[in-house]
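S.K.: Got a structure for you, questions after.
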Amino acid sequence: MRESFRRVLTGLADVVWPRTCAVGACGRPVDRPRRHICSTCFAALPFHEPGGACHVCGMPIPAKTPHVFVCEACDKHPPPYERTCSALDYKGDVEEMIKDFKYNRASWLAEDFADLLEGAVRAHLDGAAVDALFPVPLHPNRLRSRGYNQAALLARALARRLGRRCDEKSLARIRDTPKQSLLNGVERRKNLTGAFAATRPTFIRGRIILLIDDVTTTGSTLAAAAEPLRAAGAAHVWCATLARAPHDS
Ligand SMILES: [Zn+2]
Ligand SMILES: [Zn+2]
């Protein structure tokens with residue numbers, strides 16, 4: 001269906017069936033065109049405070065600092081990516097909506113989420129310098145059972161906004177690993193060793209790549225996905241995630 005025609009249909013549907021805000025207890029009609037979170041709830045989301053996080057991995061630190069802060073772990077063992085930014089803290093309604101988006105086919109939230117990601121990228125990274133957005137890929141088995149890759153939905157919507165390419169072919173997940181959420185930090189890193197591979201190095205060499213994922217916790221998935229990109233000669237690997245979970249979640 002042509003995009004313009006789809007917009008007209010969506011606009012008509014909004015008039016006939018006003019949508020209710022996706023935030024659990026809100027109940028208000030959505031007042032943002034073609035979106036699913038109302039402006040009141042959108043403004044009240046738990047925005048991730050970048051001043052209180054490591055410049056490299058995005059790990060939250062107790063106090064805000066006006067200086068660029070790099071945590072001890074990133075200082076001692078720099079990860080294969082150079083920057084991470086996240087839009088939100090992973091908690092409450094945000095957690096519920098992302099779970100719906102990820103597991104319950106709530107793909108309609110992609111535009112609201114891309115608004116948030118765009119805000120984070122424009123505030124903390126040089127979006128115009130990015131050559132391509134790479135969603136963190138799912139293993140083909142996981143993709144088959146889930147039916148879609150939530151990171152790819154985010155990356156496509158964000159790529160349109162930034163006027164950049166979304167590349168879903170140059171990085172692949174070659175090992176089907178147990179779910180990260182069931183493991184601790186050390187197990188997470190081990191679990192992901194060699195899980196990703198660069199499949200089209202010519203699309204990676206010398207490029208600035210923005211890796212996109214829905215949630216980051218320890219950063220081990222981003223590190224594992226960034227590893228083959230660096231090995232294939234990427235100029236820079238930056239990361240943007242919709243939300244940042246506390247380490248013990
Ligand atoms: Zn609302
Ligand atoms: Zn760090």
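Residue numbers start at 1 in each chain; chains themselves are named A, B, ... in the order of the structure tokens; ligands are numbered from 1 in the order shown.
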Within 12 Å of Gly119 in chain A, counting only C-alpha atoms, which residues show up once you throw out same-chain ones fewer than 3 positions away? Write them as a PDB file with N, CA, C and O atoms, in the first residue's frame, please.

M.R.:
ATOM      1  N   PHE A  47      12.587   9.746  31.281  1.00  0.00           N
ATOM      2  CA  PHE A  47      13.692   9.975  30.348  1.00  0.00           C
ATOM      3  C   PHE A  47      15.022   9.671  31.026  1.00  0.00           C
ATOM      4  O   PHE A  47      15.254  10.081  32.162  1.00  0.00           O
ATOM      5  N   HIS A  48      15.864   8.933  30.298  1.00  0.00           N
ATOM      6  CA  HIS A  48      17.169   8.551  30.829  1.00  0.00           C
ATOM      7  C   HIS A  48      18.046   9.799  30.910  1.00  0.00           C
ATOM      8  O   HIS A  48      18.159  10.547  29.943  1.00  0.00           O
ATOM      9  N   CYS A  85      23.719   5.602  23.833  1.00  0.00           N
ATOM     10  CA  CYS A  85      22.727   6.481  24.430  1.00  0.00           C
ATOM     11  C   CYS A  85      21.397   5.735  24.498  1.00  0.00           C
ATOM     12  O   CYS A  85      21.123   4.853  23.683  1.00  0.00           O
ATOM     13  N   SER A  86      20.629   6.036  25.517  1.00  0.00           N
ATOM     14  CA  SER A  86      19.317   5.410  25.700  1.00  0.00           C
ATOM     15  C   SER A  86      18.303   6.507  25.945  1.00  0.00           C
ATOM     16  O   SER A  86      18.622   7.535  26.548  1.00  0.00           O
ATOM     17  N   ALA A  87      17.071   6.262  25.497  1.00  0.00           N
ATOM     18  CA  ALA A  87      16.044   7.291  25.645  1.00  0.00           C
ATOM     19  C   ALA A  87      15.399   7.264  27.032  1.00  0.00           C
ATOM     20  O   ALA A  87      15.115   8.299  27.614  1.00  0.00           O
ATOM     21  N   LEU A  88      15.136   6.071  27.534  1.00  0.00           N
ATOM     22  CA  LEU A  88      14.309   5.947  28.742  1.00  0.00           C
ATOM     23  C   LEU A  88      14.933   5.009  29.759  1.00  0.00           C
ATOM     24  O   LEU A  88      15.803   4.206  29.424  1.00  0.00           O
ATOM     25  N   ASP A 112       6.040   5.823  18.071  1.00  0.00           N
ATOM     26  CA  ASP A 112       6.245   6.527  19.354  1.00  0.00           C
ATOM     27  C   ASP A 112       7.677   6.283  19.858  1.00  0.00           C
ATOM     28  O   ASP A 112       8.358   7.193  20.315  1.00  0.00           O
ATOM     29  N   PHE A 113       8.089   5.001  19.763  1.00  0.00           N
ATOM     30  CA  PHE A 113       9.425   4.642  20.258  1.00  0.00           C
ATOM     31  C   PHE A 113      10.517   5.305  19.409  1.00  0.00           C
ATOM     32  O   PHE A 113      11.555   5.719  19.935  1.00  0.00           O
ATOM     33  N   ALA A 114      10.264   5.403  18.091  1.00  0.00           N
ATOM     34  CA  ALA A 114      11.266   6.037  17.226  1.00  0.00           C
ATOM     35  C   ALA A 114      11.372   7.532  17.535  1.00  0.00           C
ATOM     36  O   ALA A 114      12.451   8.121  17.429  1.00  0.00           O
ATOM     37  N   ASP A 115      10.254   8.167  17.941  1.00  0.00           N
ATOM     38  CA  ASP A 115      10.311   9.573  18.378  1.00  0.00           C
ATOM     39  C   ASP A 115      11.315   9.711  19.522  1.00  0.00           C
ATOM     40  O   ASP A 115      12.124  10.636  19.571  1.00  0.00           O
ATOM     41  N   LEU A 116      11.213   8.762  20.455  1.00  0.00           N
ATOM     42  CA  LEU A 116      12.058   8.810  21.654  1.00  0.00           C
ATOM     43  C   LEU A 116      13.520   8.545  21.307  1.00  0.00           C
ATOM     44  O   LEU A 116      14.419   9.236  21.791  1.00  0.00           O
ATOM     45  N   ARG A 122      19.714  12.536  18.569  1.00  0.00           N
ATOM     46  CA  ARG A 122      20.018  13.925  18.205  1.00  0.00           C
ATOM     47  C   ARG A 122      20.687  14.666  19.363  1.00  0.00           C
ATOM     48  O   ARG A 122      21.499  15.553  19.150  1.00  0.00           O
ATOM     49  N   ALA A 123      20.341  14.287  20.597  1.00  0.00           N
ATOM     50  CA  ALA A 123      20.923  14.975  21.753  1.00  0.00           C
ATOM     51  C   ALA A 123      22.358  14.522  22.032  1.00  0.00           C
ATOM     52  O   ALA A 123      23.164  15.314  22.515  1.00  0.00           O
ATOM     53  N   HIS A 124      22.676  13.250  21.754  1.00  0.00           N
ATOM     54  CA  HIS A 124      23.956  12.720  22.234  1.00  0.00           C
ATOM     55  C   HIS A 124      24.925  12.244  21.170  1.00  0.00           C
ATOM     56  O   HIS A 124      26.092  11.999  21.473  1.00  0.00           O
ATOM     57  N   LEU A 125      24.448  12.021  19.951  1.00  0.00           N
ATOM     58  CA  LEU A 125      25.338  11.511  18.905  1.00  0.00           C
ATOM     59  C   LEU A 125      25.212  12.406  17.679  1.00  0.00           C
ATOM     60  O   LEU A 125      24.247  13.151  17.548  1.00  0.00           O
ATOM     61  N   ASP A 126      26.168  12.272  16.771  1.00  0.00           N
ATOM     62  CA  ASP A 126      26.099  13.033  15.523  1.00  0.00           C
ATOM     63  C   ASP A 126      25.357  12.174  14.493  1.00  0.00           C
ATOM     64  O   ASP A 126      25.974  11.440  13.713  1.00  0.00           O
ATOM     65  N   GLY A 127      24.019  12.279  14.515  1.00  0.00           N
ATOM     66  CA  GLY A 127      23.186  11.441  13.652  1.00  0.00           C
ATOM     67  C   GLY A 127      23.514  11.619  12.171  1.00  0.00           C
ATOM     68  O   GLY A 127      23.451  10.658  11.398  1.00  0.00           O
ATOM     69  N   LEU A 158      13.580   4.803  12.768  1.00  0.00           N
ATOM     70  CA  LEU A 158      14.570   5.832  13.103  1.00  0.00           C
ATOM     71  C   LEU A 158      15.373   6.231  11.862  1.00  0.00           C
ATOM     72  O   LEU A 158      15.670   7.416  11.667  1.00  0.00           O
ATOM     73  N   ARG A 161      13.620   8.782   9.855  1.00  0.00           N
ATOM     74  CA  ARG A 161      13.675  10.117  10.457  1.00  0.00           C
ATOM     75  C   ARG A 161      15.037  10.774  10.264  1.00  0.00           C
ATOM     76  O   ARG A 161      15.136  11.983  10.108  1.00  0.00           O
ATOM     77  N   LEU A 162      16.105   9.968  10.353  1.00  0.00           N
ATOM     78  CA  LEU A 162      17.456  10.531  10.241  1.00  0.00           C
ATOM     79  C   LEU A 162      17.905  10.637   8.782  1.00  0.00           C
ATOM     80  O   LEU A 162      18.971  11.195   8.504  1.00  0.00           O
ATOM     81  N   ALA A 240      22.424   2.963  20.129  1.00  0.00           N
ATOM     82  CA  ALA A 240      21.270   3.676  20.702  1.00  0.00           C
ATOM     83  C   ALA A 240      20.226   2.635  21.060  1.00  0.00           C
ATOM     84  O   ALA A 240      19.910   1.762  20.246  1.00  0.00           O
ATOM     85  N   THR A 241      19.759   2.707  22.283  1.00  0.00           N
ATOM     86  CA  THR A 241      18.705   1.779  22.708  1.00  0.00           C
ATOM     87  C   THR A 241      17.531   2.577  23.247  1.00  0.00           C
ATOM     88  O   THR A 241      17.700   3.689  23.770  1.00  0.00           O
ATOM     89  N   LEU A 242      16.366   1.987  23.112  1.00  0.00           N
ATOM     90  CA  LEU A 242      15.175   2.665  23.587  1.00  0.00           C
ATOM     91  C   LEU A 242      15.225   2.855  25.102  1.00  0.00           C
ATOM     92  O   LEU A 242      14.897   3.908  25.615  1.00  0.00           O
TER      93      LEU A 242
END

S.K.: Using only C-alpha atoms and all ligand atoms, find each residue with an atom at most 12 Å away from ligand 1 and format the answer as an NGL selection string.

M.R.: :A and (19-32 or 35-45 or 93)

S.K.: If you keep N, CA, C and O atoms, can you produce a file of those selected residues as a CSV table (one decimal), in the first residue's frame?

M.R.:
chain,number,residue,atom,x,y,z
A,19,ARG,N,-8.0,6.5,19.2
A,19,ARG,CA,-7.3,5.5,20.0
A,19,ARG,C,-7.1,5.9,21.4
A,19,ARG,O,-7.1,7.1,21.7
A,20,THR,N,-7.1,4.9,22.3
A,20,THR,CA,-6.8,5.1,23.7
A,20,THR,C,-5.3,5.0,23.9
A,20,THR,O,-4.6,4.2,23.3
A,21,CYS,N,-4.8,5.9,24.8
A,21,CYS,CA,-3.3,5.9,25.0
A,21,CYS,C,-2.8,4.5,25.5
A,21,CYS,O,-3.5,3.8,26.2
A,22,ALA,N,-1.6,4.2,25.0
A,22,ALA,CA,-1.0,2.9,25.3
A,22,ALA,C,-0.5,2.7,26.7
A,22,ALA,O,-0.3,1.6,27.2
A,23,VAL,N,-0.4,3.8,27.4
A,23,VAL,CA,0.0,3.7,28.8
A,23,VAL,C,-1.1,3.2,29.7
A,23,VAL,O,-2.2,3.8,29.7
A,24,GLY,N,-0.8,2.1,30.3
A,24,GLY,CA,-1.8,1.3,31.1
A,24,GLY,C,-3.0,2.0,31.7
A,24,GLY,O,-4.1,1.9,31.3
A,25,ALA,N,-2.7,2.9,32.7
A,25,ALA,CA,-3.8,3.5,33.5
A,25,ALA,C,-4.3,4.8,32.9
A,25,ALA,O,-5.2,5.4,33.5
A,26,CYS,N,-3.8,5.2,31.7
A,26,CYS,CA,-4.2,6.6,31.3
A,26,CYS,C,-5.6,6.7,30.8
A,26,CYS,O,-6.4,7.5,31.4
A,27,GLY,N,-6.0,6.0,29.8
A,27,GLY,CA,-7.4,6.0,29.4
A,27,GLY,C,-7.8,7.2,28.5
A,27,GLY,O,-8.9,7.3,28.0
A,28,ARG,N,-6.9,8.2,28.3
A,28,ARG,CA,-7.2,9.4,27.5
A,28,ARG,C,-7.1,9.0,26.0
A,28,ARG,O,-6.3,8.1,25.7
A,29,PRO,N,-7.8,9.7,25.1
A,29,PRO,CA,-7.6,9.5,23.7
A,29,PRO,C,-6.3,10.1,23.3
A,29,PRO,O,-5.8,11.1,23.9
A,30,VAL,N,-5.6,9.5,22.3
A,30,VAL,CA,-4.3,10.0,21.9
A,30,VAL,C,-4.4,11.2,21.1
A,30,VAL,O,-5.2,11.3,20.1
A,31,ASP,N,-3.7,12.3,21.5
A,31,ASP,CA,-3.8,13.6,20.8
A,31,ASP,C,-2.5,13.8,19.9
A,31,ASP,O,-2.3,15.0,19.5
A,32,ARG,N,-1.7,12.8,19.7
A,32,ARG,CA,-0.6,13.0,18.8
A,32,ARG,C,-0.9,12.2,17.5
A,32,ARG,O,-1.1,11.0,17.6
A,35,ARG,N,0.2,8.4,16.4
A,35,ARG,CA,0.9,7.9,17.6
A,35,ARG,C,0.0,7.2,18.5
A,35,ARG,O,-1.2,7.2,18.4
A,36,HIS,N,0.6,6.5,19.5
A,36,HIS,CA,-0.3,5.7,20.5
A,36,HIS,C,0.0,6.1,21.9
A,36,HIS,O,-0.6,5.4,22.8
A,37,ILE,N,0.9,7.0,22.2
A,37,ILE,CA,1.1,7.5,23.6
A,37,ILE,C,0.6,9.0,23.6
A,37,ILE,O,1.1,9.8,22.7
A,38,CYS,N,-0.3,9.3,24.5
A,38,CYS,CA,-0.8,10.7,24.5
A,38,CYS,C,0.3,11.7,25.0
A,38,CYS,O,1.3,11.3,25.5
A,39,SER,N,0.1,13.0,24.7
A,39,SER,CA,1.2,14.0,24.9
A,39,SER,C,1.5,14.1,26.4
A,39,SER,O,2.6,14.3,26.8
A,40,THR,N,0.4,13.9,27.3
A,40,THR,CA,0.6,14.0,28.7
A,40,THR,C,1.5,12.9,29.2
A,40,THR,O,2.5,13.1,29.9
A,41,CYS,N,1.2,11.7,28.8
A,41,CYS,CA,2.0,10.5,29.2
A,41,CYS,C,3.4,10.6,28.6
A,41,CYS,O,4.4,10.2,29.2
A,42,PHE,N,3.5,11.0,27.3
A,42,PHE,CA,4.8,11.1,26.6
A,42,PHE,C,5.7,12.0,27.4
A,42,PHE,O,6.9,11.7,27.7
A,43,ALA,N,5.2,13.2,27.9
A,43,ALA,CA,6.0,14.1,28.6
A,43,ALA,C,6.4,13.6,30.0
A,43,ALA,O,7.5,14.0,30.5
A,44,ALA,N,5.6,12.7,30.5
A,44,ALA,CA,5.9,12.2,31.8
A,44,ALA,C,6.8,10.9,31.8
A,44,ALA,O,7.0,10.3,32.9
A,45,LEU,N,7.2,10.4,30.7
A,45,LEU,CA,8.0,9.2,30.6
A,45,LEU,C,9.3,9.4,31.4
A,45,LEU,O,9.8,10.5,31.5
A,93,ASP,N,5.6,1.6,33.3
A,93,ASP,CA,4.8,1.6,32.0
A,93,ASP,C,5.7,1.4,30.8
A,93,ASP,O,5.3,0.7,29.8

S.K.: Give me the chain A side of the contact with ligand 2, cut-off 10 Å, one line per residue showing its nearest atom pair and distance in Å at one decimal, counting only C-alpha atoms and all ligand atoms, sorted by chain and residue number, as a Markdown table.

M.R.:
| residue | atom | partner | partner_atom_place_in_ligand_line | distance |
| --- | --- | --- | --- | --- |
| A:Ala53 | CA | ligand 2 | 1 (Zn) | 7.8 |
| A:Cys54 | CA | ligand 2 | 1 (Zn) | 4.6 |
| A:His55 | CA | ligand 2 | 1 (Zn) | 6.5 |
| A:Val56 | CA | ligand 2 | 1 (Zn) | 5.0 |
| A:Cys57 | CA | ligand 2 | 1 (Zn) | 4.0 |
| A:Gly58 | CA | ligand 2 | 1 (Zn) | 6.0 |
| A:Met59 | CA | ligand 2 | 1 (Zn) | 5.6 |
| A:Pro60 | CA | ligand 2 | 1 (Zn) | 8.7 |
| A:Ile61 | CA | ligand 2 | 1 (Zn) | 9.5 |
| A:Phe69 | CA | ligand 2 | 1 (Zn) | 8.3 |
| A:Val70 | CA | ligand 2 | 1 (Zn) | 5.4 |
| A:Cys71 | CA | ligand 2 | 1 (Zn) | 4.2 |
| A:Glu72 | CA | ligand 2 | 1 (Zn) | 6.7 |
| A:Ala73 | CA | ligand 2 | 1 (Zn) | 5.8 |
| A:Cys74 | CA | ligand 2 | 1 (Zn) | 4.3 |
| A:Asp75 | CA | ligand 2 | 1 (Zn) | 7.3 |
| A:Lys76 | CA | ligand 2 | 1 (Zn) | 9.6 |
| A:His77 | CA | ligand 2 | 1 (Zn) | 9.3 |
| A:Pro78 | CA | ligand 2 | 1 (Zn) | 8.0 |
| A:Pro79 | CA | ligand 2 | 1 (Zn) | 8.3 |
| A:Glu82 | CA | ligand 2 | 1 (Zn) | 9.6 |
| A:Arg83 | CA | ligand 2 | 1 (Zn) | 9.1 |
| A:Thr84 | CA | ligand 2 | 1 (Zn) | 9.1 |
| A:Thr218 | CA | ligand 2 | 1 (Zn) | 9.6 |
| A:Gly219 | CA | ligand 2 | 1 (Zn) | 9.0 |

S.K.: Please provide as a PyMOL selection string all residues within 8 Å of Arg200 in chain A, with the sequence filter that same-chain residues fewer than 4 positions apart are discarded (counting only C-alpha atoms).

M.R.: chain A and resi 169-171+204

S.K.: Under the rule that only C-alpha atoms are counted, which of A:Leu154, A:Ala172, A:Cys166, A:Ala63 is the nearest residue to Phe134 in chain A?

M.R.: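 Selected residue with least distance to Phe134 in chain A: A:Cys166.
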
S.K.: Taking into account only C-alpha atoms, which residue in the set A:Glu187, A:Asp131, A:Glu227, A:Asp213 is nearest to Arg165 in chain A?

M.R.: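 Among the listed residues, A:Asp131 lies closest to Arg165 in chain A.
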
S.K.: Residues near Pro137 in chain A, anyone? I mean within 8 Å using only C-alpha atoms, not counting same-chain ones fewer than 6 positions away, as a CSV table (one decimal) with N, CA and C atoms, in the first residue's frame.

M.R.:
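To be explicit, this is the file written out as selection04.csv:
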chain,number,residue,atom,x,y,z
A,149,ASN,N,11.5,-8.8,14.2
A,149,ASN,CA,12.6,-8.4,15.0
A,149,ASN,C,12.3,-7.0,15.5
A,151,ALA,N,13.9,-4.9,17.2
A,151,ALA,CA,15.0,-3.9,17.0
A,151,ALA,C,15.0,-3.4,15.5
A,152,ALA,N,14.6,-4.2,14.6
A,152,ALA,CA,14.5,-3.8,13.2
A,152,ALA,C,13.4,-2.8,13.0
A,168,GLU,N,19.9,-4.4,7.3
A,168,GLU,CA,19.5,-5.6,8.0
A,168,GLU,C,20.2,-6.8,7.5
A,171,LEU,N,24.9,-7.8,9.1
A,171,LEU,CA,25.3,-8.4,10.4
A,171,LEU,C,24.2,-9.5,10.7
A,172,ALA,N,24.7,-10.7,11.1
A,172,ALA,CA,23.8,-11.8,11.4
A,172,ALA,C,24.1,-12.4,12.7
A,173,ARG,N,23.1,-13.0,13.3
A,173,ARG,CA,23.2,-13.8,14.5
A,173,ARG,C,23.4,-15.2,14.1

S.K.: Could you tell me how far CA of Ala226 in chain A sits from CA of Arg188 in chain A, in Å to one decimal place?

M.R.: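 One can read the CA of Arg188 in chain A to CA of Ala226 in chain A distance as 15.0 Å.
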
S.K.: May I ask for the distance between CA of Gly163 in chain A and CA of Leu229 in chain A, given in Å to one decimal place?

M.R.: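 Straight-line distance from CA of Gly163 in chain A to CA of Leu229 in chain A works out to 21.6 Å.
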
S.K.: CA of Lys102 in chain A and CA of Ser145 in chain A, how far apart in Å?

M.R.: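 If I compute the distance from CA of Ser145 in chain A to CA of Lys102 in chain A, I get 12.1 Å.
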
S.K.: Give me, as a PyMOL selection string, all polymer residues having an atom no more than 8 Å from range 190-192 of chain A, counting only C-alpha atoms and skipping those fewer than 5 positions away in the same chain.

M.R.: chain A and resi 177-178+180+220-221+224

S.K.: Pull the alpha helix (DSSP H) assignments for range 159-200 of chain A out of DSSP run on the backbone, and list those residues as an mmCIF file with N, CA, C and O atoms, in the first residue's frame.

M.R.:
data_model
loop_
_atom_site.group_PDB
_atom_site.id
_atom_site.type_symbol
_atom_site.label_atom_id
_atom_site.label_comp_id
_atom_site.auth_asym_id
_atom_site.auth_seq_id
_atom_site.Cartn_x
_atom_site.Cartn_y
_atom_site.Cartn_z
ATOM 1 N N ALA A 159 15.702 5.255 11.010
ATOM 2 C CA ALA A 159 16.475 5.529 9.790
ATOM 3 C C ALA A 159 15.714 6.509 8.896
ATOM 4 O O ALA A 159 16.301 7.430 8.324
ATOM 5 N N ARG A 160 14.386 6.318 8.798
ATOM 6 C CA ARG A 160 13.566 7.238 7.994
ATOM 7 C C ARG A 160 13.676 8.656 8.539
ATOM 8 O O ARG A 160 13.823 9.617 7.797
ATOM 9 N N ARG A 161 13.620 8.782 9.855
ATOM 10 C CA ARG A 161 13.675 10.117 10.457
ATOM 11 C C ARG A 161 15.037 10.774 10.264
ATOM 12 O O ARG A 161 15.136 11.983 10.108
ATOM 13 N N LEU A 162 16.105 9.968 10.353
ATOM 14 C CA LEU A 162 17.456 10.531 10.241
ATOM 15 C C LEU A 162 17.905 10.637 8.782
ATOM 16 O O LEU A 162 18.971 11.195 8.504
ATOM 17 N N GLY A 185 25.734 -11.296 34.665
ATOM 18 C CA GLY A 185 26.658 -10.555 33.806
ATOM 19 C C GLY A 185 27.712 -11.420 33.132
ATOM 20 O O GLY A 185 27.921 -11.337 31.919
ATOM 21 N N VAL A 186 28.391 -12.270 33.920
ATOM 22 C CA VAL A 186 29.472 -13.109 33.365
ATOM 23 C C VAL A 186 28.885 -14.097 32.366
ATOM 24 O O VAL A 186 29.418 -14.293 31.265
ATOM 25 N N GLU A 187 27.764 -14.723 32.755
ATOM 26 C CA GLU A 187 27.107 -15.695 31.862
ATOM 27 C C GLU A 187 26.650 -15.024 30.567
ATOM 28 O O GLU A 187 26.713 -15.611 29.505
ATOM 29 N N ARG A 188 26.196 -13.769 30.689
ATOM 30 C CA ARG A 188 25.732 -13.033 29.512
ATOM 31 C C ARG A 188 26.839 -12.885 28.487
ATOM 32 O O ARG A 188 26.640 -13.092 27.299
ATOM 33 N N ARG A 189 28.033 -12.514 28.982
ATOM 34 C CA ARG A 189 29.152 -12.305 28.052
ATOM 35 C C ARG A 189 29.553 -13.627 27.401
ATOM 36 O O ARG A 189 29.772 -13.694 26.198
ATOM 37 N N LYS A 190 29.648 -14.687 28.215
ATOM 38 C CA LYS A 190 30.028 -16.018 27.717
ATOM 39 C C LYS A 190 29.014 -16.507 26.685
ATOM 40 O O LYS A 190 29.365 -17.014 25.630
ATOM 41 N N ASN A 191 27.757 -16.335 27.038
ATOM 42 C CA ASN A 191 26.645 -16.798 26.202
ATOM 43 C C ASN A 191 26.727 -16.230 24.791
ATOM 44 O O ASN A 191 26.306 -16.869 23.835
ATOM 45 N N LEU A 192 27.274 -15.026 24.682
ATOM 46 C CA LEU A 192 27.225 -14.320 23.396
ATOM 47 C C LEU A 192 28.516 -14.380 22.588
ATOM 48 O O LEU A 192 28.577 -13.843 21.489
#

S.K.: Go through A:Arg175, A:Ile209, A:Ala235, A:Leu183 and flag the residue nearest His139 in chain A, using only C-alpha atoms for the distances.

M.R.: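 The answer is A:Arg175, which sits nearest to His139 in chain A.
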
S.K.: A:Leu222, A:Ala106, A:Met97, A:Leu210: which is nearest Val130 in chain A, counting only C-alpha atoms?

M.R.: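 Closest residue, counting only C-alpha atoms: A:Leu210.
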
S.K.: Could you give me, as a ChimeraX atom specification, each residue of range 1-229 of chain A that DSSP assigns to strand (DSSP E or B) when run on this structure's backbone?

M.R.: /A:20,29,47,53,60,83-89,132-135,165-166,171-173,196-198,208-216

S.K.: As a list of chain:residue names, please: the residues near Lys99 in chain A (cut-off 12 Å, only C-alpha atoms, same-chain neighbours under 5 positions excluded).

M.R.: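 Selected residues are A:Tyr90, A:Lys91, A:Gly92, A:Asp93, A:Val94, A:Asn104, A:Arg105, A:Ala106, A:Ser107, A:Leu109, A:Gln150, A:Asp214, A:Val215, A:Ala243.
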